[in-house]
Amino acid sequence: MEIKGTLEARFETKEFSSGFKKREFVVNTGGDYPQSIKMEVVKDNIEKIGLIEIGSEVVCKIDIR
């Protein structure tokens, strides 16, 4: 699934005692019925999301679990 929108917020990386890391961020979909959607990235994508400026247009490919 793809979600297109504007990067609205990015939070600090969280590291757990098991060594697992994740970073949460918020994308606003805009349009007639805008939604702010909180998502998370893990592994190599943690660094990638840190390179994107707040306010930039993004396309997120996600798996829903």
# chains A, B, ... in the order shown; residues from 1 in each chain; ligands from 1

$ select_by_dssp --residues "segment 19-64 of chain A" --states "strand (DSSP E or B)" --output "MDAnalysis selection string"
chainID A and resid 21:28 36:42 57:61

$ residues_around --residues "segment 1-16 of chain A" --least-positions-apart "4" --cutoff "7 Å" --atoms "only C-alpha atoms" --output "list in words"
Phe20, Lys21, Lys22, Arg23, Glu24, Phe25, Val26, Val27, Asn28, Thr29, Gly30, Ile54, Gly55, Ser56, Glu57, Val58, Val59, Cys60, Lys61, Ile62 and Asp63 of chain A

$ atom_distance --atom1 "atom CA of Pro34 of chain A" --atom2 "atom CA of Ile46 of chain A"
25.1 Å

$ atom_distance --atom1 "atom CA of Ser18 of chain A" --atom2 "atom CA of Glu47 of chain A"
19.4 Å

$ select_by_dssp --residues "chain A" --states "alpha helix (DSSP H)" --output "compact mmCIF listing (two decimals) with all heavy atoms, in the first residue's frame"
# COMPACT_ATOMS: atom_id res chain seq x y z
N ASN A 45 15.94 2.08 7.33
CA ASN A 45 15.03 3.18 7.03
C ASN A 45 15.04 4.26 8.11
O ASN A 45 14.58 5.38 7.86
CB ASN A 45 13.62 2.66 6.79
CG ASN A 45 13.55 1.83 5.53
OD1 ASN A 45 14.18 2.16 4.53
ND2 ASN A 45 12.80 0.75 5.57
N ILE A 46 15.55 3.96 9.29
CA ILE A 46 15.66 4.95 10.35
C ILE A 46 16.55 6.11 9.90
O ILE A 46 16.20 7.28 10.08
CB ILE A 46 16.21 4.33 11.66
CG1 ILE A 46 15.15 3.38 12.25
CG2 ILE A 46 16.60 5.40 12.67
CD1 ILE A 46 15.65 2.56 13.43
N GLU A 47 17.66 5.78 9.26
CA GLU A 47 18.57 6.81 8.77
C GLU A 47 17.95 7.58 7.61
O GLU A 47 18.09 8.80 7.51
CB GLU A 47 19.89 6.20 8.33
CG GLU A 47 20.71 5.67 9.49
CD GLU A 47 22.02 5.04 9.04
OE1 GLU A 47 22.50 5.39 7.95
OE2 GLU A 47 22.55 4.21 9.79
N LYS A 48 17.24 6.89 6.73
CA LYS A 48 16.63 7.53 5.55
C LYS A 48 15.60 8.58 5.96
O LYS A 48 15.57 9.66 5.39
CB LYS A 48 15.98 6.49 4.65
CG LYS A 48 16.96 5.58 3.96
CD LYS A 48 16.23 4.54 3.13
CE LYS A 48 17.18 3.53 2.56
NZ LYS A 48 16.46 2.46 1.84
N ILE A 49 14.76 8.27 6.94
CA ILE A 49 13.72 9.23 7.34
C ILE A 49 14.35 10.46 7.99
O ILE A 49 13.81 11.55 7.91
CB ILE A 49 12.65 8.57 8.25
CG1 ILE A 49 11.38 9.43 8.34
CG2 ILE A 49 13.17 8.33 9.65
CD1 ILE A 49 10.55 9.42 7.11
N GLY A 50 15.51 10.30 8.57
CA GLY A 50 16.22 11.42 9.18
C GLY A 50 16.76 12.41 8.17
O GLY A 50 17.03 13.56 8.51

$ atom_distance --atom1 "atom CA of Ser17 of chain A" --atom2 "atom CA of Asp44 of chain A"
18.6 Å
